Amino acid sequence: MKASHVLAGTARFFVPALLAFSTACTSGEARDAAPGSDLPAAWNVAEKPTLRIGASEADALGFVTSAVSLPGGGVALADAGSNRIDVFDARGQRVRTIGREGRGPGEFTHPEWIGLRGDTLRVWDRVQARLTLFDTIGRVIRTEPPLTDLGSFPRAAGQFADGSLLLLGGSTKSWRTGPFRDSMLLVRVHPGGRRDTLGRVPGDEQIGSVERNGTVSKTDQLPFGRHTLVAVRGEHVFLGTGDSSTIVSSADGRAWARAAAVPGPRRRVTPQDIDEHWERLLVQGSGSGSAGKRPEGIDYPEEYPPYADVQPAPGGDLWVLLPSRPSEWGVGSRWIVFAPDGAVRGTVYIPGRTRILEIGDGWILLSETDADDQQLVARYPLAAPSS
């Protein structure tokens with residue numbers, strides 16, 4: 001099986017969790033109110049973006065996994081659909097394409113993360129487990145040796161202020177069928193190759209299954225299961241395992257302190273939610289799920305996880321995405337914004353099927369999915385709510 005297929009399967013059930021959220025109750029049985037619906041707005045998202053990429057056929061995007069804003073208002077996108085880096089200016093015009101599919105210098109198999117340090121673009125390829133550095137015009141500066149001892153497909157969670165990367169290492173336990181939760185390793189890789197192991201934490205709740213031919217095994221996210229979320233800002237790591245409403249932070253991986261705690265009770269998973277999950281499942285590149293493909297014998301969680309995504313913001317704020325019911329996919333997403341001391345500033349509601357790529361000072365960069373399932377990238381201003 002191709003590595004790209006394995007990665008797609010791993011992310012299969014996580015995509016809907018990053019889609020939408022609505023405060024309205026659905027028809028049928030009464031269900032509890034949406035978390036955060038009683039909090040004030042911290043910011044409002046402008047109706048029109050100041051930058052939009054991917055609307056024209058010439059600039060059509062494949063599968064943007066990561067993005068970074070550039071000096072002057074441009075943006076660089078890591079596109080795992082085309083296995084390249086696309087650079088756009090502040091007007092949304094493509095100025096260059098960096099790399100191509102392959103395993104040679106400057107080539108990619110799955111560019112998962114992109115960052116900027118000084119005038120150097122840094123790209124992590126998850127399948128090849130290696131970091132490649134480019135200059136401002138797209139020339140390869142160097143390709144770091146692959147980190148082949150971190151398990152299958154190690155992920156990049158971000159970079160620290162000194163340019164070191166936080167990588168999430170693969171599992172250590174054997175794969176198995178049915179629901180299970182493995183663990184993953186947090187490793188800080190410094191420029192020059194020195195490593196610091198920050199700890200081992202629980203991984204995502206998953207389901208292992210075997211294809212009909214009995215020779216191919218795959219792993220999907222457990223519907224309504226816990227996700228382990230890791231992010232980096234400055235010198236701090238933010239970690240949420242979903243075991244509680246609390247998200248913690250640390251500078252060394254040993255002393256952890258509470259950074260945020262999602263208020264209120266969790267929503268309960270209902271039989272209607274489970275039915276709607278399989279009926280409405282939207283999977284990148286594979287169409288809609290159906291009840292006929294619904295696996296049997298799954299022990300579903302009783303409650304939704306406390307959060308679905310974590311994004312550090314300038315000034316030390318932390319944005320935390322609230323999970324949505326399947327009936328609410330495609331409407332919008334609601335985030336709780338926490339101040340550096342953990343106090344709740346309020347919420348941000350983002351309409352549409354979106355995923356945050358980057359939060360800036362007074363703006364957000366979003367991946368959007370339009371009515372034709374075409375991916376777009378857009379930058380929207382943030383404004384304080386009117387009194």
# chains A, B, ... in the order shown; residues from 1 in each chain; ligands from 1

$ closest_atom_pairs --of "stretch 121-235 of chain A" --to "stretch 244-254 of chain A" --cutoff "12 Å" --atoms "only C-alpha atoms" --output "CSV"
residue,atom,partner,partner_atom,distance
A:Phe160,CA,A:Ala251,CA,9.9
A:Ala161,CA,A:Ala251,CA,11.4
A:Leu166,CA,A:Gly253,CA,11.0
A:Leu185,CA,A:Gly253,CA,11.0
A:Leu186,CA,A:Gly253,CA,8.3
A:Val187,CA,A:Gly253,CA,9.4
A:Arg188,CA,A:Asp252,CA,9.5
A:Asp196,CA,A:Asp252,CA,8.8
A:Thr197,CA,A:Gly253,CA,7.9
A:Leu198,CA,A:Gly253,CA,4.3
A:Gly199,CA,A:Gly253,CA,6.2
A:Arg200,CA,A:Gly253,CA,9.5
A:Val201,CA,A:Gly253,CA,10.6
A:Arg226,CA,A:Ser244,CA,9.8
A:His227,CA,A:Ser244,CA,11.4
A:Thr228,CA,A:Ile247,CA,10.2
A:Leu229,CA,A:Ile247,CA,9.0
A:Val230,CA,A:Ile247,CA,9.6
A:Ala231,CA,A:Ser249,CA,9.4
A:Val232,CA,A:Ser249,CA,9.3
A:Arg233,CA,A:Ala251,CA,10.1
A:Gly234,CA,A:Ala251,CA,9.2
A:Glu235,CA,A:Ala251,CA,5.7

$ write_last_selection --atoms "C-alpha atoms" --output "PDB file, in the first residue's frame"
ATOM      1  CA  PHE A 160      10.620  26.640  18.505  1.00  0.00           C
ATOM      2  CA  ALA A 161      12.094  30.112  18.597  1.00  0.00           C
ATOM      3  CA  LEU A 166       9.037  19.312  17.648  1.00  0.00           C
ATOM      4  CA  LEU A 185       6.962  10.282  21.520  1.00  0.00           C
ATOM      5  CA  LEU A 186       7.615  14.041  21.688  1.00  0.00           C
ATOM      6  CA  VAL A 187      11.104  14.760  20.364  1.00  0.00           C
ATOM      7  CA  ARG A 188      12.767  18.152  19.992  1.00  0.00           C
ATOM      8  CA  ASP A 196      15.796  16.109  23.475  1.00  0.00           C
ATOM      9  CA  THR A 197      13.057  13.625  24.315  1.00  0.00           C
ATOM     10  CA  LEU A 198      10.280  15.591  26.000  1.00  0.00           C
ATOM     11  CA  GLY A 199       8.202  12.573  26.928  1.00  0.00           C
ATOM     12  CA  ARG A 200       5.785   9.919  25.751  1.00  0.00           C
ATOM     13  CA  VAL A 201       2.084  10.766  25.666  1.00  0.00           C
ATOM     14  CA  ARG A 226     -10.002  11.424  21.898  1.00  0.00           C
ATOM     15  CA  HIS A 227      -7.333  13.217  19.858  1.00  0.00           C
ATOM     16  CA  THR A 228      -3.935  14.183  21.199  1.00  0.00           C
ATOM     17  CA  LEU A 229      -3.192  17.750  20.120  1.00  0.00           C
ATOM     18  CA  VAL A 230       0.275  19.270  20.188  1.00  0.00           C
ATOM     19  CA  ALA A 231       1.340  22.776  19.157  1.00  0.00           C
ATOM     20  CA  VAL A 232       4.383  25.030  19.553  1.00  0.00           C
ATOM     21  CA  ARG A 233       4.751  28.777  20.072  1.00  0.00           C
ATOM     22  CA  GLY A 234       8.056  30.408  21.040  1.00  0.00           C
ATOM     23  CA  GLU A 235       9.639  28.113  23.611  1.00  0.00           C
TER      24      GLU A 235
END

$ closest_residue --among "A:Gly315, A:Pro295, A:Gly138, A:Pro265" --to "A:Ala34" --atoms "only C-alpha atoms"
A:Pro265

$ residues_around --residues "stretch 143-159 of chain A" --least-positions-apart "2" --cutoff "7 Å" --atoms "only C-alpha atoms" --output "ChimeraX atom specification"
/A:105,113,124,126-133,161,163-171,230-232

$ select_by_dssp --residues "stretch 174-350 of chain A" --states "helix (DSSP H, G or I)" --output "PDB file with N, CA and C atoms, in the first residue's frame"
ATOM      1  N   PRO A 271     -27.273   8.013  19.896  1.00  0.00           N
ATOM      2  CA  PRO A 271     -27.431   7.114  18.739  1.00  0.00           C
ATOM      3  C   PRO A 271     -27.657   7.881  17.445  1.00  0.00           C
ATOM      4  N   GLN A 272     -28.350   9.029  17.531  1.00  0.00           N
ATOM      5  CA  GLN A 272     -28.558   9.844  16.339  1.00  0.00           C
ATOM      6  C   GLN A 272     -27.234  10.383  15.808  1.00  0.00           C
ATOM      7  N   ASP A 273     -26.337  10.783  16.722  1.00  0.00           N
ATOM      8  CA  ASP A 273     -25.017  11.256  16.296  1.00  0.00           C
ATOM      9  C   ASP A 273     -24.258  10.167  15.546  1.00  0.00           C
ATOM     10  N   ILE A 274     -24.315   8.951  16.056  1.00  0.00           N
ATOM     11  CA  ILE A 274     -23.592   7.841  15.428  1.00  0.00           C
ATOM     12  C   ILE A 274     -24.153   7.557  14.041  1.00  0.00           C
ATOM     13  N   ASP A 275     -25.487   7.527  13.944  1.00  0.00           N
ATOM     14  CA  ASP A 275     -26.101   7.302  12.636  1.00  0.00           C
ATOM     15  C   ASP A 275     -25.710   8.400  11.658  1.00  0.00           C
ATOM     16  N   GLU A 276     -25.763   9.668  12.109  1.00  0.00           N
ATOM     17  CA  GLU A 276     -25.462  10.791  11.231  1.00  0.00           C
ATOM     18  C   GLU A 276     -23.986  10.830  10.852  1.00  0.00           C
ATOM     19  N   HIS A 277     -23.135  10.360  11.758  1.00  0.00           N
ATOM     20  CA  HIS A 277     -21.705  10.319  11.439  1.00  0.00           C
ATOM     21  C   HIS A 277     -21.465   9.503  10.179  1.00  0.00           C
ATOM     22  N   TRP A 278     -22.049   8.304  10.136  1.00  0.00           N
ATOM     23  CA  TRP A 278     -21.805   7.423   9.001  1.00  0.00           C
ATOM     24  C   TRP A 278     -22.591   7.849   7.771  1.00  0.00           C
ATOM     25  N   GLU A 279     -23.719   8.498   7.964  1.00  0.00           N
ATOM     26  CA  GLU A 279     -24.512   8.946   6.826  1.00  0.00           C
ATOM     27  C   GLU A 279     -23.939  10.198   6.177  1.00  0.00           C
ATOM     28  N   ARG A 280     -23.317  11.063   6.974  1.00  0.00           N
ATOM     29  CA  ARG A 280     -22.858  12.358   6.477  1.00  0.00           C
ATOM     30  C   ARG A 280     -21.347  12.449   6.348  1.00  0.00           C
ATOM     31  N   ALA A 291     -24.396   4.430   5.365  1.00  0.00           N
ATOM     32  CA  ALA A 291     -24.704   3.476   6.423  1.00  0.00           C
ATOM     33  C   ALA A 291     -24.304   2.062   6.023  1.00  0.00           C
ATOM     34  N   GLY A 292     -24.318   1.764   4.718  1.00  0.00           N
ATOM     35  CA  GLY A 292     -23.963   0.442   4.253  1.00  0.00           C
ATOM     36  C   GLY A 292     -22.514   0.084   4.506  1.00  0.00           C
ATOM     37  N   LYS A 293     -21.652   1.083   4.674  1.00  0.00           N
ATOM     38  CA  LYS A 293     -20.239   0.850   4.924  1.00  0.00           C
ATOM     39  C   LYS A 293     -19.896   0.962   6.417  1.00  0.00           C
ATOM     40  N   PRO A 314      -0.534  34.919  18.461  1.00  0.00           N
ATOM     41  CA  PRO A 314       0.406  35.951  18.923  1.00  0.00           C
ATOM     42  C   PRO A 314      -0.006  36.515  20.285  1.00  0.00           C
ATOM     43  N   GLY A 315       1.008  36.912  21.056  1.00  0.00           N
ATOM     44  CA  GLY A 315       0.738  37.479  22.366  1.00  0.00           C
ATOM     45  C   GLY A 315       0.529  36.453  23.445  1.00  0.00           C
ATOM     46  N   GLY A 316       0.652  35.173  23.105  1.00  0.00           N
ATOM     47  CA  GLY A 316       0.495  34.130  24.105  1.00  0.00           C
ATOM     48  C   GLY A 316      -0.896  33.572  24.240  1.00  0.00           C
ATOM     49  N   PRO A 326     -22.174  15.646  14.011  1.00  0.00           N
ATOM     50  CA  PRO A 326     -22.209  15.420  12.557  1.00  0.00           C
ATOM     51  C   PRO A 326     -23.270  16.254  11.853  1.00  0.00           C
ATOM     52  N   SER A 327     -24.396  16.514  12.507  1.00  0.00           N
ATOM     53  CA  SER A 327     -25.451  17.323  11.891  1.00  0.00           C
ATOM     54  C   SER A 327     -25.030  18.773  11.711  1.00  0.00           C
ATOM     55  N   GLU A 328     -23.933  19.177  12.346  1.00  0.00           N
ATOM     56  CA  GLU A 328     -23.470  20.559  12.296  1.00  0.00           C
ATOM     57  C   GLU A 328     -22.272  20.752  11.364  1.00  0.00           C
TER      58      GLU A 328
END

$ closest_residue --among "A:Ile114, A:Leu281, A:Ala41, A:Ala46" --to "A:Leu382" --atoms "only C-alpha atoms"
A:Ala46

$ residues_around --residues "A:Val310" --least-positions-apart "2" --cutoff "10 Å" --atoms "only C-alpha atoms" --output "short mmCIF file (atom, residue, chain, number, x, y, z; two decimals) with N, CA, C and O atoms, in the first residue's frame"
data_model
loop_
_atom_site.label_atom_id
_atom_site.label_comp_id
_atom_site.auth_asym_id
_atom_site.auth_seq_id
_atom_site.Cartn_x
_atom_site.Cartn_y
_atom_site.Cartn_z
N THR A 228 -5.02 13.51 20.52
CA THR A 228 -3.94 14.18 21.20
C THR A 228 -3.46 15.33 20.32
O THR A 228 -3.06 15.12 19.17
N LEU A 229 -3.51 16.54 20.86
CA LEU A 229 -3.19 17.75 20.12
C LEU A 229 -1.93 18.37 20.68
O LEU A 229 -1.78 18.53 21.89
N VAL A 230 -1.00 18.70 19.79
CA VAL A 230 0.27 19.27 20.19
C VAL A 230 0.56 20.47 19.30
O VAL A 230 0.37 20.42 18.08
N ALA A 231 1.01 21.57 19.90
CA ALA A 231 1.34 22.78 19.16
C ALA A 231 2.52 23.46 19.82
O ALA A 231 2.83 23.21 20.99
N VAL A 232 3.19 24.34 19.07
CA VAL A 232 4.38 25.03 19.55
C VAL A 232 4.24 26.53 19.29
O VAL A 232 3.78 26.94 18.22
N PHE A 238 2.34 23.09 23.76
CA PHE A 238 0.99 22.95 24.29
C PHE A 238 0.50 21.54 23.99
O PHE A 238 0.66 21.04 22.87
N LEU A 239 -0.10 20.90 25.00
CA LEU A 239 -0.49 19.50 24.88
C LEU A 239 -1.88 19.29 25.46
O LEU A 239 -2.17 19.70 26.58
N GLY A 240 -2.73 18.64 24.67
CA GLY A 240 -4.03 18.20 25.16
C GLY A 240 -4.26 16.77 24.72
O GLY A 240 -4.19 16.46 23.52
N ILE A 247 -5.72 21.75 28.96
CA ILE A 247 -4.57 21.76 28.05
C ILE A 247 -3.39 22.32 28.84
O ILE A 247 -3.52 23.33 29.52
N TYR A 307 -12.14 18.93 23.14
CA TYR A 307 -11.68 19.86 22.12
C TYR A 307 -11.26 19.09 20.89
O TYR A 307 -11.03 17.87 20.93
N ALA A 308 -11.18 19.83 19.75
CA ALA A 308 -10.87 19.18 18.47
C ALA A 308 -9.62 19.74 17.81
O ALA A 308 -9.10 19.14 16.87
N PRO A 312 -1.88 28.02 18.85
CA PRO A 312 -1.31 29.16 19.55
C PRO A 312 -1.45 30.43 18.71
O PRO A 312 -1.40 30.38 17.48
N ALA A 313 -1.62 31.57 19.37
CA ALA A 313 -1.80 32.84 18.69
C ALA A 313 -0.78 33.84 19.21
O ALA A 313 -0.19 33.66 20.28
N LEU A 318 -4.25 31.34 23.28
CA LEU A 318 -4.43 29.98 22.79
C LEU A 318 -5.87 29.83 22.31
O LEU A 318 -6.82 30.14 23.03
N TRP A 319 -6.03 29.39 21.06
CA TRP A 319 -7.35 29.13 20.48
C TRP A 319 -7.62 27.63 20.57
O TRP A 319 -6.79 26.81 20.16
N VAL A 320 -8.82 27.27 21.04
CA VAL A 320 -9.19 25.88 21.22
C VAL A 320 -10.52 25.64 20.49
O VAL A 320 -11.52 26.31 20.76
N LEU A 321 -10.53 24.67 19.57
CA LEU A 321 -11.71 24.36 18.78
C LEU A 321 -12.63 23.41 19.54
O LEU A 321 -12.20 22.39 20.07
N LEU A 322 -13.93 23.75 19.56
CA LEU A 322 -14.92 22.89 20.19
C LEU A 322 -15.43 21.87 19.17
O LEU A 322 -15.63 22.20 18.01
N TRP A 335 -14.44 28.61 18.26
CA TRP A 335 -13.20 28.48 19.02
C TRP A 335 -13.31 29.29 20.30
O TRP A 335 -13.84 30.40 20.29
N ILE A 336 -12.79 28.75 21.40
CA ILE A 336 -12.64 29.52 22.63
C ILE A 336 -11.23 30.08 22.66
O ILE A 336 -10.25 29.36 22.40
N ILE A 356 -8.17 26.25 10.38
CA ILE A 356 -7.19 27.32 10.59
C ILE A 356 -5.79 26.82 10.24
O ILE A 356 -5.33 25.81 10.76
#

$ residues_around --residues "A:Asp341" --least-positions-apart "2" --cutoff "12 Å" --atoms "only C-alpha atoms" --output "MDAnalysis selection string"
chainID A and resid 248:249 257:261 315:318 337:339 343:345

$ residues_around --residues "A:Thr369" --least-positions-apart "2" --cutoff "10 Å" --atoms "only C-alpha atoms" --output "compact mmCIF listing (two decimals) with N, CA, C and O atoms, in the first residue's frame"
# COMPACT_ATOMS: atom_id res chain seq x y z
N LEU A 19 -14.14 20.42 10.72
CA LEU A 19 -15.06 21.17 9.90
C LEU A 19 -15.95 22.00 10.81
O LEU A 19 -15.50 22.71 11.67
N GLY A 330 -20.13 21.52 8.29
CA GLY A 330 -20.34 22.35 7.12
C GLY A 330 -20.94 23.70 7.40
O GLY A 330 -21.10 24.50 6.49
N GLY A 352 -18.65 28.42 7.68
CA GLY A 352 -18.21 27.59 6.58
C GLY A 352 -17.38 26.40 6.99
O GLY A 352 -17.07 26.18 8.15
N ARG A 353 -17.02 25.60 6.00
CA ARG A 353 -16.18 24.43 6.20
C ARG A 353 -14.72 24.89 6.13
O ARG A 353 -14.16 25.10 5.07
N THR A 354 -14.13 25.07 7.28
CA THR A 354 -12.82 25.71 7.35
C THR A 354 -11.88 24.97 8.29
O THR A 354 -12.30 24.18 9.14
N ARG A 355 -10.60 25.26 8.13
CA ARG A 355 -9.55 24.79 9.03
C ARG A 355 -8.54 25.91 9.16
O ARG A 355 -8.11 26.50 8.16
N LEU A 366 -7.07 30.75 6.60
CA LEU A 366 -7.94 29.59 6.63
C LEU A 366 -7.80 28.74 5.39
O LEU A 366 -7.59 29.25 4.29
N SER A 367 -7.97 27.44 5.56
CA SER A 367 -8.26 26.54 4.46
C SER A 367 -9.77 26.40 4.41
O SER A 367 -10.42 26.04 5.40
N ALA A 371 -18.54 24.84 -2.20
CA ALA A 371 -19.66 23.95 -2.49
C ALA A 371 -19.29 22.82 -3.44
O ALA A 371 -19.95 21.78 -3.47
N ASP A 372 -18.24 23.02 -4.23
CA ASP A 372 -17.78 22.00 -5.17
C ASP A 372 -16.65 21.14 -4.60
O ASP A 372 -15.96 20.43 -5.33
N ASP A 373 -16.44 21.24 -3.27
CA ASP A 373 -15.38 20.50 -2.57
C ASP A 373 -13.99 20.90 -3.03
O ASP A 373 -13.03 20.13 -2.92
N GLN A 374 -13.86 22.11 -3.58
CA GLN A 374 -12.56 22.64 -3.96
C GLN A 374 -11.94 23.36 -2.76
O GLN A 374 -12.60 24.14 -2.09
N GLN A 375 -10.67 23.09 -2.51
CA GLN A 375 -9.99 23.74 -1.41
C GLN A 375 -9.49 25.12 -1.82
O GLN A 375 -8.92 25.31 -2.90
N LEU A 376 -9.71 26.11 -0.94
CA LEU A 376 -9.21 27.47 -1.10
C LEU A 376 -8.43 27.83 0.14
O LEU A 376 -8.61 27.24 1.21
N VAL A 377 -7.57 28.84 0.02
CA VAL A 377 -6.88 29.40 1.17
C VAL A 377 -7.16 30.89 1.18
O VAL A 377 -7.03 31.56 0.15

$ residues_around --residues "A:Ala42" --least-positions-apart "5" --cutoff "6 Å" --atoms "only C-alpha atoms" --output "list of chain:residue names"
A:Arg345, A:Gly346, A:Thr347, A:Val348

$ write_last_selection --atoms "C-alpha atoms" --output "PDB file, in the first residue's frame"
ATOM      1  CA  ARG A 345     -11.403  35.964  26.493  1.00  0.00           C
ATOM      2  CA  GLY A 346     -14.449  34.742  24.574  1.00  0.00           C
ATOM      3  CA  THR A 347     -15.167  32.870  21.360  1.00  0.00           C
ATOM      4  CA  VAL A 348     -14.528  33.273  17.666  1.00  0.00           C
TER       5      VAL A 348
END

$ atom_distance --atom1 "atom CA of A:Arg181" --atom2 "atom CA of A:Arg334"
27.0 Å

$ closest_residue --among "A:Met184, A:Ile207, A:Leu77, A:Val87" --to "A:Phe63" --atoms "only C-alpha atoms"
A:Leu77

$ atom_distance --atom1 "atom CA of A:Asp361" --atom2 "atom CA of A:Gly74"
15.0 Å

$ select_by_dssp --residues "stretch 281-360 of chain A" --states "strand (DSSP E or B)" --output "PyMOL selection string"
chain A and resi 282-283+287-288+303+309-312+318-321+332-338+344-351+354-360

$ write_last_selection --atoms "C-alpha atoms" --output "PDB file, in the first residue's frame"
ATOM      1  CA  LEU A 282     -17.163  13.605   4.281  1.00  0.00           C
ATOM      2  CA  VAL A 283     -13.796  12.156   3.457  1.00  0.00           C
ATOM      3  CA  GLY A 287     -16.763  11.078  -1.348  1.00  0.00           C
ATOM      4  CA  SER A 288     -19.462  10.533   1.254  1.00  0.00           C
ATOM      5  CA  GLU A 303     -19.130  11.795  25.433  1.00  0.00           C
ATOM      6  CA  ASP A 309      -7.886  21.436  17.710  1.00  0.00           C
ATOM      7  CA  VAL A 310      -5.414  23.785  19.401  1.00  0.00           C
ATOM      8  CA  GLN A 311      -3.756  26.806  17.794  1.00  0.00           C
ATOM      9  CA  PRO A 312      -1.310  29.159  19.552  1.00  0.00           C
ATOM     10  CA  LEU A 318      -4.430  29.981  22.792  1.00  0.00           C
ATOM     11  CA  TRP A 319      -7.348  29.129  20.484  1.00  0.00           C
ATOM     12  CA  VAL A 320      -9.193  25.882  21.216  1.00  0.00           C
ATOM     13  CA  LEU A 321     -11.713  24.357  18.777  1.00  0.00           C
ATOM     14  CA  GLY A 332     -18.992  26.815  10.829  1.00  0.00           C
ATOM     15  CA  SER A 333     -16.536  26.360  13.690  1.00  0.00           C
ATOM     16  CA  ARG A 334     -16.446  27.895  17.164  1.00  0.00           C
ATOM     17  CA  TRP A 335     -13.203  28.479  19.018  1.00  0.00           C
ATOM     18  CA  ILE A 336     -12.641  29.520  22.629  1.00  0.00           C
ATOM     19  CA  VAL A 337      -9.806  32.041  23.037  1.00  0.00           C
ATOM     20  CA  PHE A 338      -7.755  31.810  26.218  1.00  0.00           C
ATOM     21  CA  VAL A 344     -11.355  32.948  28.809  1.00  0.00           C
ATOM     22  CA  ARG A 345     -11.403  35.964  26.493  1.00  0.00           C
ATOM     23  CA  GLY A 346     -14.449  34.742  24.574  1.00  0.00           C
ATOM     24  CA  THR A 347     -15.167  32.870  21.360  1.00  0.00           C
ATOM     25  CA  VAL A 348     -14.528  33.273  17.666  1.00  0.00           C
ATOM     26  CA  TYR A 349     -17.106  31.901  15.238  1.00  0.00           C
ATOM     27  CA  ILE A 350     -15.841  31.091  11.727  1.00  0.00           C
ATOM     28  CA  PRO A 351     -18.567  30.356   9.136  1.00  0.00           C
ATOM     29  CA  THR A 354     -12.819  25.713   7.355  1.00  0.00           C
ATOM     30  CA  ARG A 355      -9.554  24.789   9.034  1.00  0.00           C
ATOM     31  CA  ILE A 356      -7.188  27.319  10.589  1.00  0.00           C
ATOM     32  CA  LEU A 357      -3.737  27.263   9.018  1.00  0.00           C
ATOM     33  CA  GLU A 358      -2.247  30.230  10.868  1.00  0.00           C
ATOM     34  CA  ILE A 359      -3.271  32.918  13.351  1.00  0.00           C
ATOM     35  CA  GLY A 360      -1.630  36.304  13.011  1.00  0.00           C
TER      36      GLY A 360
END
